$ cat entry_21.tsv   # TSV, C-alpha atoms and all ligand atoms
chain	number	residue	atom	x	y	z
A	833	MET	CA	54.83	-5.68	0.96
A	834	GLN	CA	52.71	-7.93	-1.25
A	835	GLY	CA	49.72	-5.64	-1.72
A	836	ILE	CA	46.25	-6.96	-0.91
A	837	GLY	CA	46.98	-10.61	-1.78
A	838	VAL	CA	47.03	-13.21	0.95
A	839	GLU	CA	49.72	-15.85	1.00
A	840	VAL	CA	48.37	-19.38	1.00
A	841	GLY	CA	50.82	-22.28	0.87
A	842	ASP	CA	53.16	-21.80	-2.07
A	843	GLY	CA	50.95	-19.34	-3.91
A	844	THR	CA	49.08	-16.15	-3.34
A	845	LEU	CA	45.34	-15.64	-3.56
A	846	THR	CA	44.68	-12.91	-6.08
A	847	VAL	CA	42.32	-10.09	-5.18
A	848	ALA	CA	39.76	-11.52	-7.64
A	849	LYS	CA	39.83	-14.96	-6.03
A	850	LEU	CA	39.63	-13.40	-2.63
A	851	SER	CA	36.45	-11.50	-3.49
A	852	LEU	CA	34.87	-14.63	-5.03
A	853	TYR	CA	35.64	-16.47	-1.82
A	854	HIS	CA	34.05	-13.61	0.10
A	855	CYS	CA	30.86	-13.88	-2.05
A	856	ARG	CA	30.53	-17.61	-1.31
A	857	ILE	CA	30.71	-16.93	2.39
A	858	MET	CA	28.02	-14.26	2.07
A	859	PHE	CA	25.72	-16.69	0.21
A	860	ASP	CA	25.90	-19.15	3.05
A	861	ARG	CA	25.35	-16.60	5.76
A	862	LEU	CA	21.74	-15.61	5.17
A	863	PRO	CA	20.30	-12.70	7.10
A	864	ASP	CA	17.88	-13.70	9.88
A	865	LEU	CA	16.16	-10.33	9.83
A	866	PHE	CA	16.29	-7.67	7.17
A	867	ASP	CA	14.71	-4.39	6.12
A	868	PRO	CA	13.05	-5.24	2.78
A	869	ILE	CA	13.03	-1.62	1.60
A	870	GLU	CA	16.76	-1.28	2.25
A	871	PHE	CA	17.37	-4.54	0.35
A	872	VAL	CA	15.27	-3.27	-2.56
A	873	GLU	CA	17.26	-0.01	-2.67
A	874	LYS	CA	20.50	-2.02	-2.71
A	875	LYS	CA	19.09	-4.52	-5.25
A	876	ARG	CA	20.15	-7.36	-2.97
A	877	ARG	CA	19.61	-11.02	-3.70
A	878	ILE	CA	19.34	-13.68	-1.02
A	879	GLN	CA	20.45	-17.12	-2.11
A	880	GLY	CA	21.21	-20.06	0.08
A	881	ARG	CA	19.98	-22.94	2.18
A	882	VAL	CA	18.33	-23.05	5.57
A	883	PRO	CA	18.15	-26.28	7.62
A	884	LEU	CA	14.54	-27.49	7.90
A	885	SER	CA	15.27	-28.28	11.55
A	886	SER	CA	15.68	-24.53	12.20
A	887	LEU	CA	12.16	-23.69	10.98
A	888	ASP	CA	10.03	-24.05	14.11
A	889	ARG	CA	6.57	-23.96	12.49
A	890	VAL	CA	7.50	-26.34	9.66
A	891	ARG	CA	9.41	-28.67	11.98
A	892	ASP	CA	6.18	-29.63	13.74
A	893	VAL	CA	4.66	-31.19	10.62
A	894	LEU	CA	7.75	-33.08	9.43
A	895	LEU	CA	8.38	-36.75	10.00
A	896	ARG	CA	12.12	-36.25	9.36
A	897	LEU	CA	14.08	-33.11	10.07
A	898	GLU	CA	17.09	-33.63	7.83
A	899	GLY	CA	17.54	-31.55	4.70
A	900	ASP	CA	17.40	-27.88	3.79
A	901	ALA	CA	15.05	-25.38	2.30
A	902	GLU	CA	16.57	-23.61	-0.68
A	903	VAL	CA	15.76	-19.95	-1.05
A	904	ASP	CA	16.47	-17.50	-3.86
A	905	LEU	CA	14.91	-14.05	-3.55
A	906	GLU	CA	15.62	-10.96	-5.62
A	907	PHE	CA	14.75	-7.56	-4.25
A	908	LYS	CA	13.62	-5.15	-6.90
A	909	ARG	CA	11.02	-2.61	-7.88
A	910	GLU	CA	8.03	-3.34	-10.11
A	911	GLY	CA	7.14	0.18	-11.13
A	912	ARG	CA	6.81	1.89	-7.77
A	913	ILE	CA	6.27	-1.29	-5.84
A	914	PRO	CA	9.16	-2.78	-3.84
A	915	SER	CA	9.02	-6.51	-4.44
A	916	LEU	CA	10.61	-9.82	-3.53
A	917	GLU	CA	10.65	-12.38	-6.30
A	918	GLY	CA	12.13	-15.83	-6.55
A	919	PHE	CA	11.38	-19.21	-5.08
A	920	VAL	CA	11.47	-21.38	-1.98
A	921	ALA	CA	12.07	-25.10	-2.49
A	922	ALA	CA	12.47	-28.12	-0.27
A	923	GLU	CA	11.92	-31.85	-0.21
A	924	LEU	CA	9.81	-32.43	2.86
A	925	THR	CA	9.16	-35.75	4.54
A	926	LEU	CA	5.62	-35.75	5.89
A	927	GLN	CA	3.69	-38.53	7.56
A	928	CYS	CA	0.86	-40.09	5.60
A	929	GLN	CA	-2.21	-39.75	7.79
A	930	CYS	CA	-3.61	-42.98	6.41
A	931	CYS	CA	-0.78	-45.55	6.67
A	932	LEU	CA	1.52	-43.43	8.93
A	933	GLU	CA	4.49	-44.15	6.63
A	934	ALA	CA	6.85	-41.48	5.28
A	935	LEU	CA	5.54	-39.38	2.42
A	936	THR	CA	8.05	-37.43	0.31
A	937	TRP	CA	6.60	-34.05	-0.59
A	938	PRO	CA	8.67	-31.91	-2.96
A	939	VAL	CA	7.81	-28.22	-2.80
A	940	ARG	CA	8.83	-25.45	-5.13
A	941	SER	CA	6.92	-22.29	-4.45
A	942	GLU	CA	7.29	-19.20	-6.62
A	943	VAL	CA	7.46	-16.05	-4.53
A	944	HIS	CA	5.89	-12.78	-5.70
A	945	LEU	CA	5.60	-10.51	-2.70
A	946	GLY	CA	4.83	-6.81	-2.92
A	947	VAL	CA	5.88	-4.75	0.08
A	948	VAL	CA	3.10	-2.48	1.33
A	949	GLY	CA	3.34	-0.02	4.21
A	950	SER	CA	-0.36	-0.02	5.07
A	951	ILE	CA	-3.60	-1.88	4.40
A	952	ASP	CA	-4.65	0.96	2.07
A	953	GLU	CA	-1.78	0.16	-0.28
A	954	VAL	CA	-2.87	-3.45	-0.74
A	955	SER	CA	-5.40	-2.43	-3.42
A	956	ILE	CA	-2.69	-0.91	-5.66
A	957	LEU	CA	-0.76	-4.17	-5.94
A	958	PRO	CA	-0.89	-5.87	-9.33
A	959	GLU	CA	-2.84	-9.15	-9.48
A	960	GLU	CA	0.21	-11.44	-9.37
A	961	PHE	CA	1.59	-10.05	-6.10
A	962	GLU	CA	0.78	-11.17	-2.63
A	963	PRO	CA	0.95	-8.33	-0.13
A	964	MET	CA	3.59	-8.32	2.57
A	965	LEU	CA	2.72	-5.70	5.16
A	966	VAL	CA	5.82	-4.01	6.56
A	967	GLU	CA	5.75	-0.78	8.54
A	968	PRO	CA	8.32	1.81	7.43
A	969	GLY	CA	11.69	0.74	8.84
A	970	GLY	CA	10.19	-2.60	9.90
A	971	MET	CA	12.17	-5.80	9.72
A	972	VAL	CA	11.16	-9.11	8.18
A	973	ALA	CA	12.33	-12.56	9.29
A	974	LEU	CA	13.60	-14.64	6.39
A	975	ALA	CA	12.44	-17.78	8.22
A	976	ASP	CA	8.86	-16.45	8.22
A	977	ILE	CA	8.84	-16.03	4.44
A	978	ILE	CA	10.26	-19.53	3.93
A	979	GLN	CA	7.85	-21.09	6.42
A	980	ASP	CA	4.78	-19.35	5.01
A	981	GLU	CA	5.63	-20.64	1.53
A	982	LEU	CA	6.31	-24.20	2.71
A	983	LEU	CA	3.25	-24.40	4.98
A	984	LEU	CA	1.03	-23.19	2.17
A	985	ALA	CA	2.26	-26.10	0.05
A	986	ILE	CA	1.64	-28.75	2.70
A	987	PRO	CA	-1.78	-30.43	2.56
A	988	SER	CA	-3.79	-30.35	5.76
A	989	ILE	CA	-4.12	-34.14	5.59
A	990	PRO	CA	-0.99	-35.56	3.91
A	991	GLN	CA	-1.71	-38.88	2.22
A	992	HIS	CA	-0.10	-41.11	-0.39
A	993	SER	CA	-2.14	-41.12	-3.57
A	994	ARG	CA	-2.59	-44.91	-3.18
A	995	CYS	CA	-3.91	-44.37	0.34
A	996	ARG	CA	-6.27	-41.60	-0.76
A	997	LEU	CA	-7.74	-43.90	-3.44
A	998	SER	CA	-8.65	-46.47	-0.82
A	999	GLN	CA	-10.46	-43.77	1.15
A	1000	PRO	CA	-13.09	-42.17	-1.14
A	1001	GLU	CA	-14.56	-39.73	1.40
A	1002	ALA	CA	-11.24	-37.89	1.83
A	1003	THR	CA	-11.66	-34.48	3.40
A	1004	ALA	CA	-11.17	-31.45	1.21
A	1005	GLU	CA	-7.83	-29.77	1.69
A	1006	SER	CA	-7.72	-26.38	3.26
A	1007	THR	CA	-4.83	-24.00	3.55
A	1008	ASP	CA	-4.18	-21.37	6.10
A	1009	HIS	CA	-1.95	-18.51	5.05
A	1010	PRO	CA	-1.00	-15.56	7.23
A	1011	PHE	CA	-1.47	-13.17	4.32
A	1012	ALA	CA	-4.88	-14.59	3.38
A	1013	ILE	CA	-6.74	-11.75	5.11
A	1014	LEU	CA	-4.70	-9.18	3.18
A	1015	ALA	CA	-5.42	-11.04	-0.04
A	1016	GLU	CA	-9.14	-10.81	0.72
A	1017	LEU	CA	-8.81	-7.08	1.31
A	1018	LYS	CA	-7.02	-6.74	-2.00
A	1019	LYS	CA	-10.04	-8.10	-3.86
A	1020	LYS	CA	-12.33	-5.42	-2.46
A	1021	PRO	CA	-12.28	-2.04	-4.21
A	1022	SER	CA	-11.10	0.64	-1.79
B	1101	ZN	ZN	0.01	-43.80	3.02

$ encode --input "entry_21.tsv" --output "structure tokens" --more "lines below"
Ligand SMILES: [Zn+2]
Amino acid sequence: MQGIGVEVGDGTLTVAKLSLYHCRIMFDRLPDLFDPIEFVEKKRRIQGRVPLSSLDRVRDVLLRLEGDAEVDLEFKREGRIPSLEGFVAAELTLQCQCCLEALTWPVRSEVHLGVVGSIDEVSILPEEFEPMLVEPGGMVALADIIQDELLLAIPSIPQHSRCRLSQPEATAESTDHPFAILAELKKKPS
């Protein structure tokens, strides 16, 4: 018997190396769906890359589908509030709506989400948190978090700065965020 080690070629993987290898695998295999409260209790961290081509809502606005979104989210508690903090980053290739050429659009969005179980709880969130409404035991799709962050960072009319300058009456940008209604509620005293 050789214990827990695994024989590889002329050597043996030590238990320490084996667990490091295991961690790498876990980083690459991101959860599709997760229970945010469970992840907070376990102090989990999600780190890895997701192909842009797998993000159906973002895919529609991209000129090129190659590349990944990078995600790093820590699950913790801010006081009593379960939270997700980290960032979502990607280099997107959009289409300039003026010259129709490719427009490289780097995004790095800081994530500060506070998990709330009901609309009533939105008002107790500190200023810096965006509410993420999750019913008790409810699951969240990682792709939705990534897509919401990326879509928020994409202008409604992507244009090169040189193209915008040649077009003085450019339309004001507007953003549409799924949590915008909750954010409005948060501003109102309960
Ligand atoms: Zn252009």

$ closest_atom_pairs --input "entry_21.tsv" --of "stretch 908-929 of chain A" --to "stretch 958-974 of chain A" --cutoff "10 Å" --atoms "only C-alpha atoms" --output "JSON lines"
{"residue": "A:Glu910", "atom": "CA", "partner": "A:Pro958", "partner_atom": "CA", "distance": 9.3}
{"residue": "A:Ile913", "atom": "CA", "partner": "A:Pro958", "partner_atom": "CA", "distance": 9.2}
{"residue": "A:Ser915", "atom": "CA", "partner": "A:Phe961", "partner_atom": "CA", "distance": 8.4}
{"residue": "A:Leu916", "atom": "CA", "partner": "A:Phe961", "partner_atom": "CA", "distance": 9.4}
{"residue": "A:Glu917", "atom": "CA", "partner": "A:Phe961", "partner_atom": "CA", "distance": 9.4}

$ residues_near_ligand --input "entry_21.tsv" --ligand "ligand ZN 1101 (chain B)" --cutoff "6 Å" --atoms "all atoms listed in the file" --output "ChimeraX atom specification"
/A:928,930-931,933,991-992,995

$ atom_distance --input "entry_21.tsv" --atom1 "atom CA of A:Val948" --atom2 "atom CA of A:Glu981"
18.3 Å

$ closest_atom_pairs --input "entry_21.tsv" --of "stretch 890-973 of chain A" --to "stretch 874-885 of chain A" --cutoff "7 Å" --atoms "all atoms listed in the file" --output "tab-separated table"
residue	atom	partner	partner_atom	distance
A:Arg891	CA	A:Ser885	CA	5.9
A:Leu897	CA	A:Ser885	CA	5.2
A:Glu898	CA	A:Leu884	CA	6.6
A:Gly899	CA	A:Leu884	CA	6.0
A:Asp900	CA	A:Pro883	CA	4.2
A:Ala901	CA	A:Val882	CA	5.2
A:Glu902	CA	A:Arg881	CA	4.5
A:Val903	CA	A:Gly880	CA	5.6
A:Asp904	CA	A:Gln879	CA	4.4
A:Leu905	CA	A:Ile878	CA	5.1
A:Glu906	CA	A:Arg877	CA	4.4
A:Phe907	CA	A:Lys875	CA	5.4
A:Lys908	CA	A:Lys875	CA	5.7

$ residues_around --input "entry_21.tsv" --residues "stretch 923-926 of chain A" --least-positions-apart "2" --cutoff "7 Å" --atoms "all atoms listed in the file" --output "list in words"
Val893, Leu894, Leu895, Arg896, Cys928, Ala934, Leu935, Thr936, Trp937, Pro938, Val939 and Pro990 of chain A

$ atom_distance --input "entry_21.tsv" --atom1 "atom CA of A:Phe919" --atom2 "atom CA of A:Ser941"
5.5 Å

$ closest_residue --input "entry_21.tsv" --among "A:Leu997, A:Leu957, A:Ile951, A:Val943" --to "A:Leu984" --atoms "only C-alpha atoms"
A:Val943

$ atom_distance --input "entry_21.tsv" --atom1 "atom CA of A:Val872" --atom2 "atom CA of A:Leu982"
23.4 Å

$ axis_aligned_box --input "entry_21.tsv" --around "stretch 926-939 of chain A" --padding-each-side "6 Å" --output "JSON"
{"center_x": 2.5, "center_y": -36.9, "center_z": 3.0, "size_x": 24.3, "size_y": 29.3, "size_z": 23.9}

$ closest_residue --input "entry_21.tsv" --among "A:Gln927, A:Arg912, A:Ala921, A:Gly946" --to "A:Ile989" --atoms "only C-alpha atoms"
A:Gln927

$ closest_residue --input "entry_21.tsv" --among "A:Ser998, A:Gln979, A:Ser993, A:Gln929" --to "A:Leu887" --atoms "only C-alpha atoms"
A:Gln979

$ decode --input "entry_21.tsv" --residues "stretch 962-992 of chain A" --atoms "N, CA and C atoms" --output "short mmCIF file (atom, residue, chain, number, x, y, z; two decimals), in the first residue's frame"
data_model
loop_
_atom_site.label_atom_id
_atom_site.label_comp_id
_atom_site.auth_asym_id
_atom_site.auth_seq_id
_atom_site.Cartn_x
_atom_site.Cartn_y
_atom_site.Cartn_z
N GLU A 962 -26.11 47.06 -3.63
CA GLU A 962 -27.28 46.90 -4.48
C GLU A 962 -28.05 45.69 -3.98
N PRO A 963 -29.35 45.78 -3.93
CA PRO A 963 -30.12 44.63 -3.43
C PRO A 963 -30.21 43.50 -4.45
N MET A 964 -30.08 42.29 -3.96
CA MET A 964 -30.35 41.12 -4.79
C MET A 964 -31.44 40.33 -4.06
N LEU A 965 -32.62 40.34 -4.65
CA LEU A 965 -33.77 39.71 -4.00
C LEU A 965 -33.75 38.20 -4.24
N VAL A 966 -33.64 37.45 -3.15
CA VAL A 966 -33.62 35.99 -3.23
C VAL A 966 -34.55 35.44 -2.15
N GLU A 967 -35.53 34.68 -2.56
CA GLU A 967 -36.44 34.06 -1.58
C GLU A 967 -35.65 33.03 -0.77
N PRO A 968 -36.05 32.78 0.48
CA PRO A 968 -35.33 31.79 1.29
C PRO A 968 -35.23 30.46 0.54
N GLY A 969 -34.01 29.94 0.45
CA GLY A 969 -33.79 28.68 -0.27
C GLY A 969 -33.71 28.85 -1.78
N GLY A 970 -33.89 30.09 -2.24
CA GLY A 970 -33.89 30.34 -3.69
C GLY A 970 -32.48 30.26 -4.27
N MET A 971 -32.43 29.93 -5.55
CA MET A 971 -31.15 29.79 -6.22
C MET A 971 -30.92 31.00 -7.14
N VAL A 972 -29.63 31.28 -7.36
CA VAL A 972 -29.24 32.39 -8.22
C VAL A 972 -28.37 31.82 -9.34
N ALA A 973 -28.57 32.33 -10.56
CA ALA A 973 -27.73 31.90 -11.69
C ALA A 973 -26.52 32.81 -11.77
N LEU A 974 -25.34 32.21 -11.73
CA LEU A 974 -24.11 32.99 -11.83
C LEU A 974 -24.10 33.81 -13.13
N ALA A 975 -24.59 33.22 -14.21
CA ALA A 975 -24.61 33.91 -15.51
C ALA A 975 -25.43 35.20 -15.43
N ASP A 976 -26.50 35.19 -14.62
CA ASP A 976 -27.33 36.40 -14.51
C ASP A 976 -26.56 37.53 -13.84
N ILE A 977 -25.81 37.20 -12.79
CA ILE A 977 -25.02 38.23 -12.12
C ILE A 977 -23.99 38.82 -13.08
N ILE A 978 -23.29 37.93 -13.79
CA ILE A 978 -22.26 38.40 -14.74
C ILE A 978 -22.90 39.26 -15.83
N GLN A 979 -24.01 38.79 -16.36
CA GLN A 979 -24.65 39.51 -17.47
C GLN A 979 -25.21 40.86 -17.03
N ASP A 980 -25.79 40.91 -15.84
CA ASP A 980 -26.31 42.19 -15.35
C ASP A 980 -25.18 43.21 -15.23
N GLU A 981 -24.04 42.77 -14.71
CA GLU A 981 -22.91 43.69 -14.53
C GLU A 981 -22.38 44.15 -15.89
N LEU A 982 -22.24 43.23 -16.83
CA LEU A 982 -21.69 43.59 -18.14
C LEU A 982 -22.66 44.50 -18.91
N LEU A 983 -23.95 44.15 -18.88
CA LEU A 983 -24.93 44.94 -19.64
C LEU A 983 -25.03 46.36 -19.11
N LEU A 984 -24.88 46.48 -17.79
CA LEU A 984 -24.93 47.81 -17.18
C LEU A 984 -23.77 48.69 -17.67
N ALA A 985 -22.67 48.04 -18.04
CA ALA A 985 -21.47 48.78 -18.45
C ALA A 985 -21.42 49.04 -19.95
N ILE A 986 -22.40 48.51 -20.67
CA ILE A 986 -22.42 48.70 -22.13
C ILE A 986 -23.30 49.90 -22.47
N PRO A 987 -22.77 50.86 -23.22
CA PRO A 987 -23.60 52.02 -23.58
C PRO A 987 -24.73 51.60 -24.51
N SER A 988 -25.84 52.33 -24.45
CA SER A 988 -26.97 51.96 -25.30
C SER A 988 -26.64 52.20 -26.78
N ILE A 989 -25.78 53.21 -27.04
CA ILE A 989 -25.34 53.45 -28.42
C ILE A 989 -23.80 53.45 -28.41
N PRO A 990 -23.20 52.28 -28.61
CA PRO A 990 -21.73 52.22 -28.61
C PRO A 990 -21.14 53.02 -29.77
N GLN A 991 -20.17 53.86 -29.47
CA GLN A 991 -19.54 54.66 -30.51
C GLN A 991 -18.07 54.89 -30.16
N HIS A 992 -17.21 54.92 -31.16
CA HIS A 992 -15.83 55.38 -30.94
C HIS A 992 -15.90 56.84 -30.50
#
